[in-house]
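Chemist: Before we start, here is the structure in question, set down as structure tokens.
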Amino acid sequence: MKKVRIGSGAGYAGDRIEPAIDLMKQGNLDYIIFECLAERTISIAQKRKQGNPNLGYNDLLEYRFDRILDAWQEKPVRVITNMGAANPKAAAEKCREMAEEKKIIGLKIAYVTGDDVTGRLGEYQNYVAIETGKPLSDIHGEILSANGYIGVAGIVKALEMGADIVITGRVADPSLTLGPLVHEFGWSMDDYTRLSRGTLAGHLLECAGQVTGGYYADPGYKDVPRLWDLGFPIAEVDEDGICVISKLESAGGMVTEDTVKEQIIYEIQDPENYYTPDVIADFSKVRVEQIGMDRVRITGIDGKAPNGYYKTSVGYHDCYIGEGQISYGGSNALKRAQLAREILEHRFEMKSLDLEEVRFDYIGVNSLYRDKISGEIANSGYADRKAIVTGTCCDDTGVETESAWGNPVEVRLRAAARTQDRETAELIGNEVEALYTNGPCGGGGAEKCIRDIVSIASILIPVDHFEIHVALV
């Protein structure tokens with residue numbers, strides 16, 4: 001029975017390149033995918049494209065393809081990636097230019113467009129945003145982008161045209177894997193069982209090192225070997241869509257029933273209805289079986305027809321966040337950080353700053369779980385733990401004499417605020433920096449920054465509103 005081997009080369013926009021090159025050279029692959037788009041990534045890329053029409057693709061595209069093209073010359077593997085982001089055509093042209101510089105002959109590079117509906121958003125102002133339940137017209141910030149999660153159609157056509165490299169914009173993550181499977185096996189687009197099986201294979205590959213133990217690792221509980229040399233996964237898929245996940249024997253990490261199960265449930269809200277543009281997959285009866293060292297087979301997947309809509313992410317400028325941080329160390333560090341917070345609260349009030357939201361964190365003390373939960377965690381086994389750490393925790397009656405967080409010897413205070421005005425955001429960091437000389441004592445390592453926040457609203461647009469185009473450069 002024919003089988004197709006697909007490797008994962010990236011799980012996010014800034015992922016490592018070395019495991020991907022190892023796979024291309026040693027993995028006996030037919031294809032390698034590079035999944036490099038998160039929800040907001042394409043909106044940020046759209047802003048760069050507005051500034052320069054030759055940009056808008058993934059920031060690391062040139063870095064990656066410098067290595068990919070060298071590996072391709074040594075061992076040709078067909079490459080499929082969404083590194084095109086907001087500008088797949090420019091990405092393909094850059095890739096062609098790099099190939100010419102390396103004197104590579106006969107390489108076919110295709111790009112897929114049609115996901116971008118930014119220019120037509122006026123038609124969809126009454127569509128309801130999934131996140132808010134309100135019409136899209138309620139968004140008041142500047143609209144930066146609108147891109148639909150398109151499916152495999154463009155990828156399949158590009159492969160039929162003989163493309164060695166396929167560069168897309170926004171496609172559904174599993175479609176990067178499903179596309180070559182449909183092409184290789186000739187699956188019908190109404191064969192929902194096989195499409196669902198291929199979708200699960202794509203879901204397992206889309207986050208790269210997560211399924212080989214990266215996100216699974218928890219020392220002392222779930223130990224993973226040689227995480228510093230973590231290998232990326234390989235999916236070996238047969239004509240029926242049955243998938244075996246593995247990795248290079250020489251690479252770090254591991255592939256087990258547990259690492260696979262954790263990735264299967266990643267971002268799954270309803271196991272019976274995993275919506276993609278190509279199929280609605282049913283993962284509720286999945287069976288995961290260890291069949292060898294770092295080899296796991298997945299079966300039991302079914303599916304049904306897609307719902308006829310593409311989820312479309314609308315990126316918009318939401319606000320600015322002004323931020324400042326400063327550290328306090330030594331005895332009384334937490335109380336000095338608390339005094340610094342009190343000073344900042346009064347300063348913001350005195351300046352009458354127009355702030356939508358203000359947040360203070362004592363990093364290392366309450367920044368993850370906030371005051372109530374962090375205090376409860378700190379109080380768990382409080383007396384014994386405090387006696388070990390500080391030598392003093394209670395008075396003679398056993399009553400706690402310090403805060404629920406104990407008496408840490410180092411605390412970093414973070415102050416952050418949301419505002420619609422960049423100048424106001426700048427004042428947040430300035431006030432934190434002023435604590436250097438205006439007290440309390442011992443502050444150090446102050447930093448400040450302003451972030452231009454891009455947020456996402458999602459709407460469902462009918463599939464027939466999109467026109468998918470494929471071209472070779």
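Chain lettering (A, B, ...) mirrors the order of the structure tokens, residue numbering begins at 1 for each chain separately, and ligand numbering begins at 1 in order of display.
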Show which residues sit within 7 Å of Gly202 of chain A, as an NGL selection string. Count only C-alpha atoms, and ignore same-chain residues fewer than 4 positions away.
Modeler: :A and (174-178 or 198 or 206)
Chemist: Could you give me, as a ChimeraX atom specification, each residue of segment 78-225 of chain A that DSSP assigns to helix (DSSP H, G or I) when run on this structure's backbone?
Modeler: /A:88-101,118-124,136-138,153-160,175-185,192-205,208-210
Chemist: Which residues, written as a PyMOL selection string, have at least one atom at most 9 Å from segment 17-34 of chain A, with only C-alpha atoms counted and residues fewer than 2 positions away on the same chain left out?
Modeler: chain A and resi 4-13+15+36+63-64+67-68+71-72+74-83+176-177+180+205-206+208+229-234+247-248+251
Chemist: Filtering to C-alpha atoms, could you give me those residues as an mmCIF file, in the first residue's frame?
Modeler:
```cif
data_model
loop_
_atom_site.group_PDB
_atom_site.id
_atom_site.type_symbol
_atom_site.label_atom_id
_atom_site.label_comp_id
_atom_site.auth_asym_id
_atom_site.auth_seq_id
_atom_site.Cartn_x
_atom_site.Cartn_y
_atom_site.Cartn_z
ATOM 1 C CA VAL A 4 3.320 9.342 2.054
ATOM 2 C CA ARG A 5 5.823 10.744 4.539
ATOM 3 C CA ILE A 6 5.289 14.346 5.625
ATOM 4 C CA GLY A 7 7.541 16.148 8.077
ATOM 5 C CA SER A 8 6.801 19.195 10.197
ATOM 6 C CA GLY A 9 9.307 22.008 9.760
ATOM 7 C CA ALA A 10 7.799 24.679 12.016
ATOM 8 C CA GLY A 11 5.018 25.077 14.533
ATOM 9 C CA TYR A 12 4.887 28.873 14.737
ATOM 10 C CA ALA A 13 6.274 32.013 13.121
ATOM 11 C CA ASP A 15 10.324 28.340 15.285
ATOM 12 C CA CYS A 36 4.029 29.844 10.611
ATOM 13 C CA TYR A 63 16.629 32.943 6.867
ATOM 14 C CA ARG A 64 14.674 29.710 6.536
ATOM 15 C CA ARG A 67 18.811 26.691 4.576
ATOM 16 C CA ILE A 68 15.820 24.992 2.932
ATOM 17 C CA ALA A 71 18.938 21.100 1.756
ATOM 18 C CA TRP A 72 16.629 20.810 -1.273
ATOM 19 C CA GLU A 74 21.041 17.824 -1.581
ATOM 20 C CA LYS A 75 17.760 15.936 -1.230
ATOM 21 C CA PRO A 76 14.652 17.378 -2.979
ATOM 22 C CA VAL A 77 11.576 17.420 -0.757
ATOM 23 C CA ARG A 78 8.391 19.257 -1.730
ATOM 24 C CA VAL A 79 7.792 22.205 0.602
ATOM 25 C CA ILE A 80 4.391 23.604 1.622
ATOM 26 C CA THR A 81 4.187 26.657 3.850
ATOM 27 C CA ASN A 82 1.973 29.558 4.868
ATOM 28 C CA MET A 83 5.031 31.808 5.297
ATOM 29 C CA LEU A 176 -1.016 22.133 4.800
ATOM 30 C CA THR A 177 -0.815 18.363 5.404
ATOM 31 C CA PRO A 180 -0.541 16.730 -0.389
ATOM 32 C CA LEU A 205 2.046 18.033 12.723
ATOM 33 C CA GLU A 206 0.930 21.648 12.918
ATOM 34 C CA ALA A 208 5.933 20.676 15.354
ATOM 35 C CA ASP A 229 17.944 18.665 20.529
ATOM 36 C CA LEU A 230 14.177 18.187 20.159
ATOM 37 C CA GLY A 231 13.259 16.539 16.873
ATOM 38 C CA PHE A 232 10.187 17.485 14.852
ATOM 39 C CA PRO A 233 7.547 14.872 13.911
ATOM 40 C CA ILE A 234 6.976 12.805 10.803
ATOM 41 C CA LYS A 247 10.621 11.209 14.581
ATOM 42 C CA LEU A 248 14.253 10.757 13.615
ATOM 43 C CA ALA A 251 16.837 13.403 17.510
#
```
Chemist: So which residues touch Leu107 of chain A within 9 Å, counting only C-alpha atoms, skipping near sequence neighbours fewer than 3 positions away, as a short mmCIF file (atom, residue, chain, number, x, y, z; two decimals) with N, CA, C and O atoms, in the first residue's frame?
Modeler:
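Generated file (out.cif):
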```cif
data_model
loop_
_atom_site.label_atom_id
_atom_site.label_comp_id
_atom_site.auth_asym_id
_atom_site.auth_seq_id
_atom_site.Cartn_x
_atom_site.Cartn_y
_atom_site.Cartn_z
N ARG A 96 12.23 32.72 -5.38
CA ARG A 96 12.79 32.55 -6.72
C ARG A 96 14.13 33.27 -6.84
O ARG A 96 15.11 32.73 -7.38
N ALA A 99 16.76 31.32 -5.08
CA ALA A 99 17.11 30.11 -5.83
C ALA A 99 18.03 30.45 -6.99
O ALA A 99 18.98 29.71 -7.29
N ILE A 104 20.13 27.33 -8.69
CA ILE A 104 19.27 26.14 -8.69
C ILE A 104 18.45 26.15 -9.98
O ILE A 104 17.79 27.14 -10.30
N ALA A 163 4.45 22.05 -8.72
CA ALA A 163 5.22 22.92 -7.83
C ALA A 163 6.05 22.10 -6.85
O ALA A 163 5.58 21.13 -6.26
N ASP A 164 7.31 22.51 -6.71
CA ASP A 164 8.18 21.94 -5.69
C ASP A 164 8.01 22.66 -4.36
O ASP A 164 8.21 22.07 -3.31
N ILE A 165 7.69 23.95 -4.45
CA ILE A 165 7.46 24.77 -3.26
C ILE A 165 6.13 25.48 -3.43
O ILE A 165 5.88 26.11 -4.46
#
```
Chemist: Do you have, as CSV, the list of residues of segment 275-369 of chain A lying at most 9 Å from segment 433-455 of chain A, each with its nearest atom pair and that distance in Å to one decimal, counting only C-alpha atoms and ordered by chain then number?
Modeler:
```
residue,atom,partner,partner_atom,distance
A:Val314,CA,A:Ser455,CA,8.2
A:Gly315,CA,A:Ser455,CA,5.7
A:Tyr316,CA,A:Val454,CA,5.5
A:His317,CA,A:Val454,CA,4.7
A:Asp318,CA,A:Val454,CA,5.6
A:Cys319,CA,A:Ile453,CA,5.4
A:Tyr320,CA,A:Asp452,CA,4.8
A:Ile321,CA,A:Arg451,CA,5.2
A:Gly322,CA,A:Ile450,CA,4.6
A:Glu323,CA,A:Cys449,CA,5.4
A:Gly324,CA,A:Lys448,CA,4.2
A:Gln325,CA,A:Glu447,CA,5.3
A:Ile326,CA,A:Ala446,CA,4.3
A:Ser327,CA,A:Gly444,CA,5.2
A:Tyr328,CA,A:Gly443,CA,5.1
A:Gly329,CA,A:Gly442,CA,7.1
A:Gly330,CA,A:Gly442,CA,8.7
A:Ala333,CA,A:Gly442,CA,8.6
A:Arg336,CA,A:Pro440,CA,6.1
A:Ala337,CA,A:Pro440,CA,8.0
A:Leu339,CA,A:Pro440,CA,7.0
A:Ala340,CA,A:Pro440,CA,6.3
A:Ile343,CA,A:Leu435,CA,8.7
A:Leu344,CA,A:Leu435,CA,8.8
```
Chemist: One decimal, in Å: what's the spacing between atom CA of Ala417 of chain A and atom CA of Glu142 of chain A?
Modeler: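 Going from atom CA of Ala417 of chain A over to atom CA of Glu142 of chain A covers 19.9 Å.
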Chemist: Do a neighbour search on Leu460 of chain A at 7 Å with only C-alpha atoms, toss out local chain neighbours closer than 4 positions, and write the hits as a PyMOL selection string.
Modeler: chain A and resi 309-312
Chemist: Go through A:Val279, A:Ala146, A:Leu181, A:Val171 and flag the residue nearest Ser196 of chain A, using only C-alpha atoms for the distances.
Modeler: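 Using only C-alpha atoms, the shortest distance to Ser196 of chain A belongs to A:Val279.
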Chemist: Would you give me, as CSV, each residue of segment 331-370 of chain A having an atom within 7 Å of an atom of segment 406-411 of chain A, along with its shortest atom pair and that distance in Å to one decimal, using only C-alpha atoms and sorting by chain and residue number?
Modeler:
```
residue,atom,partner,partner_atom,distance
A:Ser331,CA,A:Val409,CA,5.8
A:Ala333,CA,A:Val409,CA,5.8
A:Leu334,CA,A:Val411,CA,6.0
A:Ala337,CA,A:Val411,CA,6.9
A:Tyr362,CA,A:Val411,CA,6.1
A:Ile363,CA,A:Val411,CA,6.2
A:Gly364,CA,A:Val411,CA,6.6
```
Chemist: Write a file of the selected residues as a PDB file, in the first residue's frame, keeping N, CA, C and O atoms.
Modeler:
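Result saved to result.pdb:
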```pdb
ATOM      1  N   SER A 331      16.170  42.421  51.818  1.00  0.00           N
ATOM      2  CA  SER A 331      15.137  42.418  52.851  1.00  0.00           C
ATOM      3  C   SER A 331      14.098  43.490  52.563  1.00  0.00           C
ATOM      4  O   SER A 331      14.405  44.558  52.040  1.00  0.00           O
ATOM      5  N   ALA A 333      11.862  43.521  50.326  1.00  0.00           N
ATOM      6  CA  ALA A 333      11.694  43.776  48.890  1.00  0.00           C
ATOM      7  C   ALA A 333      10.221  43.890  48.503  1.00  0.00           C
ATOM      8  O   ALA A 333       9.836  44.785  47.751  1.00  0.00           O
ATOM      9  N   LEU A 334       9.383  42.985  49.007  1.00  0.00           N
ATOM     10  CA  LEU A 334       7.985  43.007  48.616  1.00  0.00           C
ATOM     11  C   LEU A 334       7.291  44.275  49.101  1.00  0.00           C
ATOM     12  O   LEU A 334       6.524  44.897  48.365  1.00  0.00           O
ATOM     13  N   ALA A 337       8.189  47.100  46.872  1.00  0.00           N
ATOM     14  CA  ALA A 337       7.464  47.007  45.604  1.00  0.00           C
ATOM     15  C   ALA A 337       6.007  47.439  45.782  1.00  0.00           C
ATOM     16  O   ALA A 337       5.428  48.101  44.914  1.00  0.00           O
ATOM     17  N   TYR A 362       3.355  41.678  40.763  1.00  0.00           N
ATOM     18  CA  TYR A 362       4.613  41.401  41.447  1.00  0.00           C
ATOM     19  C   TYR A 362       5.136  40.108  40.836  1.00  0.00           C
ATOM     20  O   TYR A 362       4.724  39.003  41.211  1.00  0.00           O
ATOM     21  N   ILE A 363       6.017  40.235  39.861  1.00  0.00           N
ATOM     22  CA  ILE A 363       6.458  39.080  39.086  1.00  0.00           C
ATOM     23  C   ILE A 363       7.223  38.115  39.996  1.00  0.00           C
ATOM     24  O   ILE A 363       8.131  38.507  40.720  1.00  0.00           O
ATOM     25  N   GLY A 364       6.838  36.864  39.926  1.00  0.00           N
ATOM     26  CA  GLY A 364       7.392  35.858  40.810  1.00  0.00           C
ATOM     27  C   GLY A 364       6.561  35.661  42.063  1.00  0.00           C
ATOM     28  O   GLY A 364       6.822  34.757  42.855  1.00  0.00           O
TER      29      GLY A 364
END
```
Chemist: Report the residues of segment 265-296 of chain A whose backbone DSSP state falls under strand (DSSP E), written as an MDAnalysis selection string.
Modeler: chainID A and resid 274:275 280:282 287:292 295:296
Chemist: Using only C-alpha atoms, which residues sit within 8 Å of segment 151-161 of chain A once same-chain residues fewer than 6 positions away are excluded, as a list in words?
Modeler: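 After dropping sequence-adjacent residues, the list is Ile80, Ala110, Tyr111, Val112, Thr113, Thr168, Val171, Ala172, Ser175, Leu176, Leu178, Gly179, Pro180, Val182, His183, Thr276, Pro277, Asp278, Ile468, His469, Val470 and Ala471 of chain A.
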Chemist: Using only C-alpha atoms, which residues sit within 12 Å of Arg48 of chain A once same-chain residues fewer than 3 positions away are excluded, as a PyMOL selection string?
Modeler: chain A and resi 41-45+51-59+85-87+144-145
Chemist: Rounded to one decimal, what separation in Å do you get between atom CA of Lys261 of chain A and atom CA of Arg194 of chain A?
Modeler: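 Atom-to-atom, atom CA of Lys261 of chain A and atom CA of Arg194 of chain A are spaced 19.9 Å apart.
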